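J.: Next comes the structure file query.txt, holding compact mmCIF, C-alpha atoms.
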# COMPACT_ATOMS: atom_id res chain seq x y z
CA MET Q 1 86.49 122.45 99.01
CA THR Q 2 88.03 123.75 95.80
CA LYS Q 3 86.26 123.37 92.51
CA LYS Q 4 88.67 121.62 90.15
CA PRO Q 5 89.02 123.05 86.66
CA GLY Q 6 86.97 121.01 84.24
CA ALA Q 7 84.93 119.29 86.95
CA ASP Q 8 81.27 118.90 86.15
CA LEU Q 9 78.67 120.21 88.52
CA LEU Q 10 75.23 118.71 88.75
CA ASP Q 11 72.96 119.72 91.60
CA GLY Q 12 75.89 120.30 93.90
CA LEU Q 13 77.52 116.98 93.00
CA GLU Q 14 81.00 117.38 91.66
CA GLU Q 15 82.23 114.73 89.28
CA LEU Q 16 85.74 113.62 90.17
CA SER Q 17 88.40 113.20 87.51
CA ALA Q 18 89.85 109.72 86.93
CA GLU Q 19 93.12 110.97 88.40
CA GLU Q 20 91.36 112.05 91.61
CA CYS Q 21 89.60 108.69 91.79
CA TRP Q 22 92.91 106.82 91.49
CA SER Q 23 94.46 109.05 94.12
CA LEU Q 24 91.59 108.29 96.53
CA LEU Q 25 91.87 104.56 95.76
CA ALA Q 26 95.57 104.69 96.59
CA ARG Q 27 94.86 106.21 100.01
CA GLN Q 28 92.16 103.85 101.31
CA ARG Q 29 92.65 100.32 102.61
CA VAL Q 30 89.09 99.01 102.85
CA GLY Q 31 86.70 98.93 99.92
CA ARG Q 32 83.67 96.97 98.81
CA ILE Q 33 83.53 94.45 96.05
CA ALA Q 34 80.14 93.94 94.40
CA VAL Q 35 79.33 90.78 92.49
CA ILE Q 36 76.20 89.38 90.88
CA VAL Q 37 75.14 86.19 92.67
CA GLY Q 38 71.80 84.52 91.91
CA HIS Q 39 70.39 87.65 90.23
CA TYR Q 40 71.26 89.84 93.21
CA PRO Q 41 74.07 92.38 93.33
CA LEU Q 42 75.90 91.54 96.55
CA VAL Q 43 78.42 93.74 98.34
CA PHE Q 44 81.30 92.60 100.58
CA PRO Q 45 83.80 94.82 102.37
CA VAL Q 46 87.40 93.78 101.71
CA ASN Q 47 90.90 94.94 102.46
CA TYR Q 48 92.69 95.78 99.22
CA ALA Q 49 95.79 97.26 97.69
CA LEU Q 50 96.58 98.85 94.35
CA ASP Q 51 99.23 97.20 92.21
CA GLY Q 52 99.79 99.62 89.39
CA ARG Q 53 96.31 100.07 87.97
CA HIS Q 54 94.95 96.78 89.31
CA ILE Q 55 93.02 96.33 92.54
CA ILE Q 56 94.29 93.33 94.52
CA VAL Q 57 92.17 91.50 97.10
CA GLN Q 58 93.11 88.43 99.13
CA THR Q 59 90.35 85.96 99.88
CA GLY Q 60 89.70 82.44 101.11
CA VAL Q 61 88.05 79.71 99.11
CA GLY Q 62 84.31 80.12 99.15
CA ALA Q 63 81.26 81.49 97.48
CA LYS Q 64 82.88 84.88 97.24
CA LEU Q 65 85.80 83.57 95.23
CA TRP Q 66 83.80 81.46 92.80
CA SER Q 67 81.21 84.09 92.13
CA ILE Q 68 83.85 86.70 91.51
CA GLN Q 69 86.08 84.73 89.21
CA ASN Q 70 86.10 86.02 85.63
CA HIS Q 71 82.96 88.03 86.17
CA ASN Q 72 82.07 91.66 85.97
CA VAL Q 73 82.45 93.23 89.35
CA SER Q 74 82.45 96.68 90.75
CA PHE Q 75 84.65 98.03 93.47
CA GLN Q 76 83.54 100.94 95.58
CA ILE Q 77 85.09 103.18 98.21
CA ASP Q 78 83.62 106.19 99.93
CA SER Q 79 84.11 108.57 102.79
CA VAL Q 80 81.23 110.09 104.70
CA ASP Q 81 81.33 113.14 106.98
CA PRO Q 82 78.08 113.24 108.98
CA ASP Q 83 78.97 116.49 110.76
CA ASN Q 84 79.26 118.41 107.51
CA ARG Q 85 76.71 116.24 105.67
CA THR Q 86 79.13 115.64 102.90
CA GLY Q 87 81.13 112.84 101.38
CA TRP Q 88 82.56 111.32 98.25
CA SER Q 89 82.35 107.99 96.48
CA VAL Q 90 84.46 106.25 93.84
CA LEU Q 91 83.08 103.41 91.73
CA VAL Q 92 85.20 101.11 89.59
CA ARG Q 93 83.71 98.81 86.97
CA GLY Q 94 85.94 95.93 86.09
CA ALA Q 95 86.58 92.24 85.65
CA ALA Q 96 87.90 89.97 88.37
CA HIS Q 97 90.42 87.18 87.80
CA GLU Q 98 92.05 84.81 90.21
CA ILE Q 99 95.82 84.85 90.35
CA SER Q 100 97.72 81.99 91.95
CA ALA Q 101 99.41 83.38 95.04
CA GLU Q 102 101.87 80.48 95.00
CA ARG Q 103 102.99 81.24 91.47
CA ASN Q 104 103.05 84.98 92.13
CA PRO Q 105 104.83 85.38 95.45
CA GLU Q 106 106.15 88.83 94.47
CA LEU Q 107 102.66 90.14 93.73
CA ARG Q 108 101.40 88.68 96.98
CA ALA Q 109 104.26 90.28 98.93
CA ARG Q 110 103.67 93.64 97.23
CA ALA Q 111 99.93 93.46 97.87
CA GLU Q 112 100.38 92.52 101.53
CA ALA Q 113 102.94 95.28 102.03
CA ALA Q 114 100.46 97.72 100.50
CA GLY Q 115 97.64 96.66 102.81
CA ALA Q 116 95.76 93.84 101.09
CA MET Q 117 96.24 91.39 104.01
CA PRO Q 118 92.71 90.94 105.38
CA TRP Q 119 91.99 92.00 108.94
CA ALA Q 120 89.79 88.93 109.28
CA PRO Q 121 91.86 85.90 110.26
CA GLY Q 122 91.94 82.55 108.48
CA GLU Q 123 93.57 81.27 105.31
CA ARG Q 124 93.44 83.77 102.48
CA GLU Q 125 95.45 81.96 99.83
CA HIS Q 126 93.71 83.41 96.80
CA LEU Q 127 94.51 86.67 95.09
CA ILE Q 128 91.80 88.40 93.10
CA SER Q 129 92.97 91.00 90.61
CA ILE Q 130 90.45 93.48 89.29
CA THR Q 131 91.20 94.90 85.86
CA VAL Q 132 89.59 98.31 85.67
CA ASP Q 133 87.21 98.99 82.76
CA GLY Q 134 85.95 102.32 84.05
CA ILE Q 135 86.30 104.58 87.06
CA THR Q 136 83.98 107.37 88.17
CA GLY Q 137 83.57 109.39 91.33
CA ARG Q 138 81.36 112.06 92.82
CA ARG Q 139 81.59 114.41 95.74
CA ILE Q 140 78.91 116.44 97.49
CA LEU Q 141 80.11 119.98 96.90
CA ARG Q 142 77.44 122.05 98.62
CA PRO Q 143 75.44 120.01 101.10
CA ARG Q 144 71.75 120.74 101.49
CA PRO Q 145 71.43 123.33 104.28
CA MET O 1 83.31 92.04 122.14
CA THR O 2 80.89 89.53 123.64
CA LYS O 3 80.12 86.33 121.81
CA LYS O 4 76.36 86.17 121.37
CA PRO O 5 74.65 82.89 122.19
CA GLY O 6 73.92 81.02 119.00
CA ALA O 7 76.23 83.12 116.87
CA ASP O 8 78.27 81.19 114.37
CA LEU O 9 82.00 81.50 114.32
CA LEU O 10 83.99 80.93 111.18
CA ASP O 11 87.63 81.90 111.09
CA GLY O 12 87.08 84.71 113.54
CA LEU O 13 84.06 86.05 111.69
CA GLU O 14 80.96 86.19 113.82
CA GLU O 15 77.65 85.90 112.04
CA LEU O 16 75.21 88.54 113.26
CA SER O 17 71.62 87.65 114.05
CA ALA O 18 68.85 89.23 111.99
CA GLU O 19 67.86 91.23 115.08
CA GLU O 20 71.39 92.64 115.41
CA CYS O 21 71.38 93.49 111.71
CA TRP O 22 68.09 95.41 112.05
CA SER O 23 69.39 97.21 115.09
CA LEU O 24 72.51 98.33 113.18
CA LEU O 25 70.36 99.39 110.22
CA ALA O 26 68.25 101.52 112.56
CA ARG O 27 71.33 103.35 113.86
CA GLN O 28 73.05 104.30 110.59
CA ARG O 29 72.00 107.06 108.19
CA VAL O 30 74.16 106.36 105.14
CA GLY O 31 74.14 103.06 103.29
CA ARG O 32 74.88 101.78 99.82
CA ILE O 33 72.36 100.55 97.31
CA ALA O 34 73.63 98.06 94.73
CA VAL O 35 71.84 97.52 91.44
CA ILE O 36 72.59 95.56 88.29
CA VAL O 37 73.08 97.94 85.35
CA GLY O 38 74.35 96.67 82.00
CA HIS O 39 75.67 93.41 83.49
CA TYR O 40 77.62 95.24 86.18
CA PRO O 41 76.72 95.40 89.84
CA LEU O 42 76.93 99.10 90.66
CA VAL O 43 77.04 100.65 94.13
CA PHE O 44 75.80 104.11 95.16
CA PRO O 45 75.95 105.63 98.65
CA VAL O 46 72.58 107.00 99.78
CA ASN O 47 70.97 108.53 102.81
CA TYR O 48 68.20 106.27 104.07
CA ALA O 49 65.71 105.67 106.83
CA LEU O 50 63.89 102.61 108.10
CA ASP O 51 60.10 102.68 107.98
CA GLY O 52 59.08 99.57 109.86
CA ARG O 53 60.93 96.82 108.04
CA HIS O 54 61.32 98.75 104.79
CA ILE O 55 64.36 100.78 103.76
CA ILE O 56 63.37 104.17 102.35
CA VAL O 57 65.62 106.16 100.01
CA GLN O 58 64.87 109.51 98.36
CA THR O 59 66.26 110.03 94.90
CA GLY O 60 66.01 112.25 91.84
CA VAL O 61 64.94 111.13 88.41
CA GLY O 62 67.76 109.46 86.60
CA ALA O 63 69.54 106.29 85.73
CA LYS O 64 69.62 105.31 89.36
CA LEU O 65 65.86 105.43 89.69
CA TRP O 66 65.04 103.55 86.51
CA SER O 67 67.58 100.84 87.06
CA ILE O 68 66.41 100.29 90.62
CA GLN O 69 62.70 100.17 89.97
CA ASN O 70 61.16 96.75 90.54
CA HIS O 71 64.52 95.06 90.42
CA ASN O 72 66.51 93.00 92.82
CA VAL O 73 68.82 95.22 94.77
CA SER O 74 71.02 94.88 97.77
CA PHE O 75 71.54 97.41 100.49
CA GLN O 76 74.72 97.43 102.51
CA ILE O 77 76.04 99.22 105.57
CA ASP O 78 79.29 98.73 107.40
CA SER O 79 81.54 100.22 110.00
CA VAL O 80 85.31 99.96 109.85
CA ASP O 81 87.76 100.53 112.69
CA PRO O 82 91.27 100.80 111.20
CA ASP O 83 92.98 101.20 114.58
CA ASN O 84 91.69 97.87 115.84
CA ARG O 85 91.60 96.27 112.37
CA THR O 86 88.02 95.27 112.89
CA GLY O 87 84.58 96.05 111.56
CA TRP O 88 81.16 94.74 110.71
CA SER O 89 78.95 94.65 107.64
CA VAL O 90 75.23 94.11 107.08
CA LEU O 91 73.86 93.06 103.70
CA VAL O 92 70.19 93.17 102.76
CA ARG O 93 68.82 91.43 99.68
CA GLY O 94 65.55 92.86 98.50
CA ALA O 95 63.36 94.33 95.83
CA ALA O 96 63.04 98.04 95.13
CA HIS O 97 59.79 99.78 94.25
CA GLU O 98 59.05 103.41 93.60
CA ILE O 99 56.45 105.04 95.80
CA SER O 100 54.86 108.33 94.81
CA ALA O 101 55.99 110.92 97.33
CA GLU O 102 53.05 113.14 96.39
CA ARG O 103 50.53 110.41 97.17
CA ASN O 104 52.36 109.36 100.32
CA PRO O 105 53.18 112.60 102.12
CA GLU O 106 53.08 110.87 105.51
CA LEU O 107 55.66 108.30 104.46
CA ARG O 108 57.81 111.04 103.01
CA ALA O 109 57.57 113.10 106.21
CA ARG O 110 58.38 110.05 108.36
CA ALA O 111 61.33 109.12 106.16
CA GLU O 112 62.72 112.66 106.18
CA ALA O 113 62.31 112.93 109.93
CA ALA O 114 64.18 109.63 110.26
CA GLY O 115 67.08 110.82 108.11
CA ALA O 116 66.30 109.86 104.53
CA MET O 117 66.63 113.45 103.23
CA PRO O 118 69.74 113.32 101.03
CA TRP O 119 72.71 115.45 101.98
CA ALA O 120 73.24 116.15 98.28
CA PRO O 121 71.12 119.08 97.15
CA GLY O 122 68.67 119.10 94.26
CA GLU O 123 65.18 117.75 93.71
CA ARG O 124 64.65 114.34 95.25
CA GLU O 125 60.98 113.79 94.58
CA HIS O 126 61.08 110.00 94.33
CA LEU O 127 60.85 107.56 97.18
CA ILE O 128 62.33 104.11 96.74
CA SER O 129 61.12 101.47 99.18
CA ILE O 130 63.18 98.32 99.54
CA THR O 131 61.26 95.25 100.64
CA VAL O 132 63.69 92.99 102.45
CA ASP O 133 63.99 89.38 101.25
CA GLY O 134 66.98 88.49 103.39
CA ILE O 135 69.37 90.10 105.83
CA THR O 136 72.79 88.88 106.93
CA GLY O 137 75.70 90.39 108.77
CA ARG O 138 79.20 89.56 109.87
CA ARG O 139 81.67 91.02 112.31
CA ILE O 140 85.41 90.46 112.67
CA LEU O 141 85.66 88.97 116.13
CA ARG O 142 89.38 88.39 116.50
CA PRO O 143 91.39 90.46 114.05
CA ARG O 144 94.54 88.96 112.58
CA PRO O 145 97.41 89.94 114.90
Please re-express this file's structure in structure tokens.
T.:
Amino acid sequence: MTKKPGADLLDGLEELSAEECWSLLARQRVGRIAVIVGHYPLVFPVNYALDGRHIIVQTGVGAKLWSIQNHNVSFQIDSVDPDNRTGWSVLVRGAAHEISAERNPELRARAEAAGAMPWAPGEREHLISITVDGITGRRILRPRP
Amino acid sequence: MTKKPGADLLDGLEELSAEECWSLLARQRVGRIAVIVGHYPLVFPVNYALDGRHIIVQTGVGAKLWSIQNHNVSFQIDSVDPDNRTGWSVLVRGAAHEISAERNPELRARAEAAGAMPWAPGEREHLISITVDGITGRRILRPRP
């Protein structure tokens, strides 16, 4: 693993640049959306796609949708390599808004083409767009022996 | 995939029993702890171990520790199979407490033997124990074609 110029090192954890975080976000198709529901931070895996610098998730009507709408959320992806005891994680802080899929057929088509169509079956008529307030990432650079 | 007796089906999502959730928790070694920090739900991957029905995480001193302590947290694990467009997820709601590793060397030894020793290097002198308030899980039973 190459140390990037300007990357910060703390106890073998390398801080990823925002550009690296975006590049990792563009390559994955499953992430986790975290929302605050009843004083608990809850985490749900979702299929997603990037549309420019927004994260697009398709969802059905339900608790997930209503708790997400217009609230602070975070969105997290990671990759874990048990054999080498290493991995990385990217965490986005942002705000979630519902977008009408009917009024935004182009966005829906773009998002589905890019991988946002959920693997889980059932109606998923709602688009959630996450506007990114901050993005950070870390990688284990030198795993504990 | 066999439909378990009593499992609920909703749009191809199978609800996992608490026993299945515990069994999956016992088999994984990396999970994600979610905490509320500054009105955002944040998510950090961690190595963990089960000690009875508590989730044990080792951590260093830092924002993570102080935001977790005595607060509602959630703990999440999942497994994703992109080839078959399927996966499962387990979500624990609970409360996190710090336990002195120095005063609880046996717990620390048990947790490390069970896999809680972090892959990331550096001092990890603090044990976080998550007391489980609720545990739920879901699996994609019939992926969208």
J.: Would you kindly report the residues of chain Q within 6 Å of chain O, using all atoms listed in the file, as a VMD selection string?
T.: chain Q and resid 11 to 12 34 to 35 40 to 41 72 74 85 119 to 122 140 143 to 144
J.: Residues as selected, C-alpha atoms, written as a JSON list (two decimals), in the frame of the given file, can you do that?
T.:
[["chain", "number", "residue", "atom", "x", "y", "z"],
["Q", 11, "ASP", "CA", 72.96, 119.72, 91.60],
["Q", 12, "GLY", "CA", 75.89, 120.30, 93.90],
["Q", 34, "ALA", "CA", 80.14, 93.94, 94.40],
["Q", 35, "VAL", "CA", 79.33, 90.78, 92.49],
["Q", 40, "TYR", "CA", 71.26, 89.84, 93.21],
["Q", 41, "PRO", "CA", 74.07, 92.38, 93.33],
["Q", 72, "ASN", "CA", 82.07, 91.66, 85.97],
["Q", 74, "SER", "CA", 82.45, 96.68, 90.75],
["Q", 85, "ARG", "CA", 76.71, 116.24, 105.67],
["Q", 119, "TRP", "CA", 91.99, 92.00, 108.94],
["Q", 120, "ALA", "CA", 89.79, 88.93, 109.28],
["Q", 121, "PRO", "CA", 91.86, 85.90, 110.26],
["Q", 122, "GLY", "CA", 91.94, 82.55, 108.48],
["Q", 140, "ILE", "CA", 78.91, 116.44, 97.49],
["Q", 143, "PRO", "CA", 75.44, 120.01, 101.10],
["Q", 144, "ARG", "CA", 71.75, 120.74, 101.49]]
J.: By how many Å are atom CA of O:Arg108 and atom CA of O:Tyr48 apart?
T.: 11.5 Å
J.: So what do you get for atom CA of O:Ile135 versus atom CA of Q:Val46, distance-wise?
T.: 18.9 Å
J.: To one decimal place in Å, what is the distance between atom CA of O:Ile130 and atom CA of O:Ile55?
T.: 5.0 Å
